[in-house]
Amino acid sequence: MASDVRCGLSSLLWGAGLVILVMVFAVIEVPSDVSRRGLQLRRDWISLTEVEGYVINGVNATNIRAFLRHLTLHPHLGGTEGEWQTAHWVADTWRQQGMDEVHLVPYEVLLSYPSTSMPNKVRLLDGSAREVWASAIKQKPLYAPEEFDPDLPFTFNGYAAAGNVTGPVVYAHYGGSKDFAFLAEAGVNVSGSIVLARYGKAFRANIAKMAEDQGARGLLLFSDPSDYAPEGPDFVYPHSYFMPPSAAPFGTTKLVDGDPLTPFYPAVESAFRIPEEEAAIPKIPIQPIGYNDAYQLLRELGGAKAPQRWQGGLNITYHLGPGFRESDWTVNLEVNNRNTMTTTYNVIGVLQGREEPDRYVMLGNHLDAWLFGSLDPSSGTAAMMELSRVFLQLYNETGWRPRRSLVFCGWGAEEYGLVGSTEWVEQFSTQLSNRVVAYLNVDMAIEGNYTLRTKAAPLLTEAIYESSKKIPNPDPEEVLAGRTTVYDTWAHRRPDPHEPHLPRMQSIGSGSDYKTLQHNLGVPCLDFRYTHDNVCTA
Ligand SMILES: *[C@@H]1O[C@H](CO)[C@@H](O)[C@H](O)[C@H]1NC(C)=O
Ligand SMILES: *[C@@H]1O[C@H](CO)[C@@H](O)[C@H](O)[C@H]1NC(C)=O
Ligand SMILES: *[C@@H]1O[C@H](CO)[C@@H](O)[C@H](O)[C@H]1NC(C)=O
Ligand SMILES: *[C@@H]1O[C@H](CO)[C@@H](O)[C@H](O)[C@H]1NC(C)=O
Ligand SMILES: *[C@@H]1O[C@H](CO)[C@@H](O)[C@H](O)[C@H]1NC(C)=O
Ligand SMILES: *[C@@H]1O[C@H](CO)[C@@H](O)[C@H](O)[C@H]1NC(C)=O
Ligand SMILES: [Zn+2]
């Protein structure tokens with residue numbers, strides 16, 4: 001939310017700069033021979049230590065704050081006017097900073113939006129089909145309502161099918177394959193029902209596919225407080241990073257990465273497109289709801305008591321269904337989303353390398369957000385833009401350039417399933433697979449101030465350890481305790497479970513724009529953030 005800038009985030013901006021610094025030091029190699037020769041440098045000589053010192057001192061939290069404020073002024077869903085504005089602003093800023101090249105790269109893609117006039121709704125209906133209760137249509141504003149943009153979209157899940165369905169509810173735990181198997185064994189018939197599942201283990205699109213394959217009419221997703229607010233309703237945002245009761249798990253329900261109509265090929269204007277009916281998108285309506293709304297359904301649910309491990313953090317006993325204690329009650333799910341062709345933009349900025357300009361070290365983040373996107377993704381983008389500013393200032397003052405080209409990337413429509421980055425990699429895969437040295441992703445630079453958290457290809461482990469040892473610890477209490485670098489706190493607070501003297505390095509997954517580079521092209525990737533002390537949602 002835009003207002004986070006004033007509350008939760010303001011104390012954390014230092015971390016954003018740090019995260020991205022660690023990333024860059026991990027792979028920048030200053031050619032000491034060349035700098036010693038000093039041929040093209042305006043100054044005689046600039047050492048790696050000098051470059052590091054310049055960048056560490058140059059990153060300015062006031063600038064990160066200003067970038068973040070600008071990026072979070074308005075909602076900027078992928079493929080909308082808001083994303084277009086964001087892309088242009090990032091491109092203009094990089095041009096003003098003096099980037100050698102800046103490109104806006106458009107793709108014509110199928111995206112999904114809620115209706116602007118008819119909100120999606122979940123209704124509890126009694127035996128005479130009278131409405132007993134209806135779900136919220138937007139998340140509850142945490143600040144003064146006048147701060148909220150009228151363009152804030154109604155709550156929805158990307159690519160959930162439109163439909164108006166009614167049926168009994170079945171509770172499916174995390175909606176994993178084992179959970180559906182358990183329901184089948186317990187004799188609970190999912191066919192014809194509306195599945196209610198906790199979000200947190202299985203990916204939304206997989207839950208949707210399983211529910212659909214078993215004949216469910218619809219799917220409701222919620223974040224259970226045992227996963228997302230374990231310390232109770234008083235310790236949620238804005239008092240902590242935990243989810244407040246009305247927060248709904250926004251997200252895509254598409255199974256395959258990129259534009260759904262051009263699988264494996266770039267979604268350029270002239271591309272061949274498969275019919276929408278053949279695309280890997282759900283055929284059933286799906287809707288995310290807050291846990292305060294899930295409570296309204298779960299407390300009325302009938303059928304057998306759910307097993308102990310299926311019980312959650314709400315103050316009731318969870319039942320499996322199907323149906324309610326009042327046997328003639330049903331749930332109605334009305335989803336008014338529509339899928340539409342639109343344009344999404346990537347922004348690519350290049351700072352040419354001196355020695356090997358055709359080898360690329362890429363840094364990137366997505367531009368689109370489900371709502372205002374203050375943590376995800378703008379904390380990362382704001383930090384990345386400050387870093388590019390510092391590099392260009394360094395270049396202006398000394399003539400220093402990195403050995404290889406630095407390629408800064410702003411990706412479009414990531415939230416819909418890595419759309420912009422996947423299309424770009426599909427278009428330029430031949431060049432990229434030969435030229436990219438590493439890709440550093442900083443989707444959320446900040447979600448807490450506790451420790452660094454990394455996910456990386458094993459090839460980069462040593463480089464990350466070594467570079468995080470160079471970053472001064474911004475937490476004064478940690479420094480007093482003798483832990484003077486970012487590495488020290490990381491090793492202390494998140495030790496590796498197998499080698500406890502080392503910090504924990506997680507393996508790279510598939511949750512953000514590094515996915516296609518890492519898994520399709522084999523480019524070593526890292527994803528970094530500063531995180532909180534809650535391991536269960538880390
Ligand atoms: C940080 O940036 C702000 C605004 O651009 C400027 O006023 C301030 O002097 C800068 N701080 C440092 C330490 O350079
Ligand atoms: C959807 O179905 C519900 C329950 O039958 C009904 O009240 C509602 O008007 C329907 N919505 C639309 C747009 O037809
Ligand atoms: C499950 O419910 C569907 C729809 O109500 C019905 O057609 C099907 O026969 C049921 N299956 C079983 C095993 O009871
Ligand atoms: C149980 O939880 C719900 C939803 O969070 C809340 O509205 C209700 O007041 C709680 N009831 C009790 C007895 O704590
Ligand atoms: C670097 O110099 C160029 C050309 O004078 C200028 O346009 C740009 O704003 C400068 N960049 C920074 C970050 O100071
Ligand atoms: C980290 O965040 C906590 C919770 O918001 C806060 O109390 C603490 O002062 C922060 N620490 C630093 C070093 O900013
Ligand atoms: Zn993100």
# chains A, B, ... in the order shown; residues from 1 in each chain; ligands from 1
$ residues_around --residues "Asp126 of chain A" --least-positions-apart "4" --cutoff "12 Å" --atoms "only C-alpha atoms" --output "list in words"
Arg130, Glu131, Val132, Trp133, Thr166, Gly167, Pro168, Glu300, Gly323, Phe324, Arg325, Glu326, Ser327, Asp328, Trp329, Thr330, Val331 and Asn332 of chain A
$ residues_around --residues "segment 403-420 of chain A" --least-positions-apart "3" --cutoff "7 Å" --atoms "only C-alpha atoms" --output "PyMOL selection string"
chain A and resi 29-31+78-79+158+251-252+254+257-259+344-369+423-424+512-513
$ write_last_selection --atoms "C-alpha atoms" --output "tab-separated table (two decimals), in the first residue's frame"
chain	number	residue	atom	x	y	z
A	29	GLU	CA	34.40	-8.15	-11.60
A	30	VAL	CA	36.58	-5.10	-11.80
A	31	PRO	CA	39.38	-5.76	-14.28
A	78	GLY	CA	-0.06	-5.59	-15.65
A	79	GLY	CA	-1.26	-4.44	-19.06
A	158	GLY	CA	-5.85	-13.61	-12.34
A	251	GLY	CA	-2.47	-14.14	-7.52
A	252	THR	CA	-2.54	-15.87	-10.86
A	254	LYS	CA	-2.59	-19.88	-14.82
A	257	ASP	CA	4.49	-19.29	-17.59
A	258	GLY	CA	4.21	-16.41	-20.03
A	259	ASP	CA	1.41	-15.39	-22.37
A	344	THR	CA	2.55	-5.14	-21.56
A	345	TYR	CA	6.00	-3.51	-21.61
A	346	ASN	CA	9.46	-4.51	-20.47
A	347	VAL	CA	12.00	-1.74	-19.92
A	348	ILE	CA	15.63	-2.61	-20.65
A	349	GLY	CA	18.47	-0.23	-19.71
A	350	VAL	CA	22.10	-0.89	-20.59
A	351	LEU	CA	25.34	0.38	-19.08
A	352	GLN	CA	27.93	-0.87	-21.54
A	353	GLY	CA	30.85	-2.87	-20.22
A	354	ARG	CA	34.38	-1.82	-21.00
A	355	GLU	CA	36.12	-5.14	-21.64
A	356	GLU	CA	33.36	-7.54	-22.61
A	357	PRO	CA	30.35	-5.44	-23.60
A	358	ASP	CA	28.72	-8.50	-25.16
A	359	ARG	CA	28.64	-10.35	-21.83
A	360	TYR	CA	25.71	-9.31	-19.67
A	361	VAL	CA	25.22	-9.17	-15.93
A	362	MET	CA	21.48	-8.63	-15.62
A	363	LEU	CA	19.57	-7.10	-12.72
A	364	GLY	CA	15.82	-6.96	-12.76
A	365	ASN	CA	12.44	-6.75	-11.18
A	366	HIS	CA	8.86	-6.63	-12.33
A	367	LEU	CA	6.95	-3.37	-12.70
A	368	ASP	CA	3.35	-4.54	-12.26
A	369	ALA	CA	1.57	-5.04	-8.94
A	423	GLU	CA	8.21	-13.55	-23.62
A	424	TRP	CA	11.53	-11.64	-23.74
A	512	SER	CA	9.70	-14.74	-9.91
A	513	ASP	CA	11.21	-13.50	-13.19
$ residues_near_ligand --ligand "ligand 4" --cutoff "12 Å" --atoms "only C-alpha atoms and all ligand atoms" --output "PyMOL selection string"
chain A and resi 224-226+229+232-234+236+243-246+290-299+312-317
$ residues_near_ligand --ligand "ligand 5" --cutoff "7 Å" --atoms "only C-alpha atoms and all ligand atoms" --output "ChimeraX atom specification"
/A:96-98,389-390,392-393,396
$ closest_atom_pairs --of "chain A" --to "ligand 2" --cutoff "10 Å" --atoms "only C-alpha atoms and all ligand atoms" --output "tab-separated table"
residue	atom	partner	partner_atom_place_in_ligand_line	distance
A:Met118	CA	ligand 2	13 (C)	7.7
A:Pro119	CA	ligand 2	13 (C)	9.5
A:Asn120	CA	ligand 2	13 (C)	9.4
A:Lys121	CA	ligand 2	1 (C)	8.8
A:Val122	CA	ligand 2	3 (C)	9.2
A:Arg123	CA	ligand 2	4 (C)	7.7
A:Leu124	CA	ligand 2	4 (C)	9.4
A:Leu125	CA	ligand 2	4 (C)	7.9
A:Ala129	CA	ligand 2	5 (O)	7.2
A:Arg130	CA	ligand 2	7 (O)	8.3
A:Glu131	CA	ligand 2	7 (O)	7.8
A:Gly163	CA	ligand 2	1 (C)	8.3
A:Asn164	CA	ligand 2	1 (C)	4.9
A:Val165	CA	ligand 2	2 (O)	6.8
A:Thr166	CA	ligand 2	4 (C)	7.0
A:Thr330	CA	ligand 2	4 (C)	9.8
A:Val331	CA	ligand 2	4 (C)	8.6
A:Asn332	CA	ligand 2	4 (C)	5.7
A:Leu333	CA	ligand 2	1 (C)	7.3
A:Glu334	CA	ligand 2	1 (C)	5.5
A:Val335	CA	ligand 2	13 (C)	8.6
A:Asn336	CA	ligand 2	13 (C)	7.8
$ decode --residues "segment 363-374 of chain A" --atoms "N, CA, C and O atoms" --output "PDB file, in the first residue's frame"
ATOM      1  N   LEU A 363      20.286  -7.331 -13.979  1.00  0.00           N
ATOM      2  CA  LEU A 363      19.568  -7.097 -12.717  1.00  0.00           C
ATOM      3  C   LEU A 363      18.140  -6.772 -13.093  1.00  0.00           C
ATOM      4  O   LEU A 363      17.926  -5.998 -14.025  1.00  0.00           O
ATOM      5  N   GLY A 364      17.176  -7.299 -12.342  1.00  0.00           N
ATOM      6  CA  GLY A 364      15.824  -6.959 -12.758  1.00  0.00           C
ATOM      7  C   GLY A 364      14.776  -7.162 -11.694  1.00  0.00           C
ATOM      8  O   GLY A 364      14.999  -7.768 -10.653  1.00  0.00           O
ATOM      9  N   ASN A 365      13.624  -6.604 -12.024  1.00  0.00           N
ATOM     10  CA  ASN A 365      12.442  -6.749 -11.178  1.00  0.00           C
ATOM     11  C   ASN A 365      11.221  -6.466 -12.036  1.00  0.00           C
ATOM     12  O   ASN A 365      11.313  -5.814 -13.066  1.00  0.00           O
ATOM     13  N   HIS A 366      10.068  -6.940 -11.565  1.00  0.00           N
ATOM     14  CA  HIS A 366       8.862  -6.632 -12.330  1.00  0.00           C
ATOM     15  C   HIS A 366       8.321  -5.253 -11.972  1.00  0.00           C
ATOM     16  O   HIS A 366       8.631  -4.698 -10.915  1.00  0.00           O
ATOM     17  N   LEU A 367       7.510  -4.713 -12.875  1.00  0.00           N
ATOM     18  CA  LEU A 367       6.946  -3.374 -12.697  1.00  0.00           C
ATOM     19  C   LEU A 367       5.500  -3.440 -12.197  1.00  0.00           C
ATOM     20  O   LEU A 367       5.053  -2.543 -11.479  1.00  0.00           O
ATOM     21  N   ASP A 368       4.779  -4.475 -12.577  1.00  0.00           N
ATOM     22  CA  ASP A 368       3.347  -4.539 -12.257  1.00  0.00           C
ATOM     23  C   ASP A 368       3.119  -5.001 -10.827  1.00  0.00           C
ATOM     24  O   ASP A 368       3.968  -5.658 -10.228  1.00  0.00           O
ATOM     25  N   ALA A 369       1.959  -4.639 -10.292  1.00  0.00           N
ATOM     26  CA  ALA A 369       1.569  -5.043  -8.939  1.00  0.00           C
ATOM     27  C   ALA A 369       0.073  -5.322  -8.936  1.00  0.00           C
ATOM     28  O   ALA A 369      -0.673  -4.745  -9.728  1.00  0.00           O
ATOM     29  N   TRP A 370      -0.387  -6.188  -8.038  1.00  0.00           N
ATOM     30  CA  TRP A 370      -1.833  -6.419  -7.935  1.00  0.00           C
ATOM     31  C   TRP A 370      -2.548  -5.152  -7.473  1.00  0.00           C
ATOM     32  O   TRP A 370      -3.641  -4.843  -7.919  1.00  0.00           O
ATOM     33  N   LEU A 371      -1.898  -4.414  -6.529  1.00  0.00           N
ATOM     34  CA  LEU A 371      -2.536  -3.179  -6.059  1.00  0.00           C
ATOM     35  C   LEU A 371      -1.485  -2.059  -6.137  1.00  0.00           C
ATOM     36  O   LEU A 371      -1.022  -1.744  -7.211  1.00  0.00           O
ATOM     37  N   PHE A 372      -1.093  -1.488  -5.008  1.00  0.00           N
ATOM     38  CA  PHE A 372      -0.083  -0.422  -5.042  1.00  0.00           C
ATOM     39  C   PHE A 372       1.336  -0.988  -5.123  1.00  0.00           C
ATOM     40  O   PHE A 372       2.243  -0.327  -5.611  1.00  0.00           O
ATOM     41  N   GLY A 373       1.520  -2.167  -4.587  1.00  0.00           N
ATOM     42  CA  GLY A 373       2.793  -2.856  -4.746  1.00  0.00           C
ATOM     43  C   GLY A 373       3.961  -2.211  -4.034  1.00  0.00           C
ATOM     44  O   GLY A 373       5.016  -1.998  -4.618  1.00  0.00           O
ATOM     45  N   SER A 374       3.786  -1.898  -2.744  1.00  0.00           N
ATOM     46  CA  SER A 374       4.890  -1.211  -2.092  1.00  0.00           C
ATOM     47  C   SER A 374       6.034  -2.160  -1.737  1.00  0.00           C
ATOM     48  O   SER A 374       7.194  -1.844  -1.990  1.00  0.00           O
TER      49      SER A 374
END
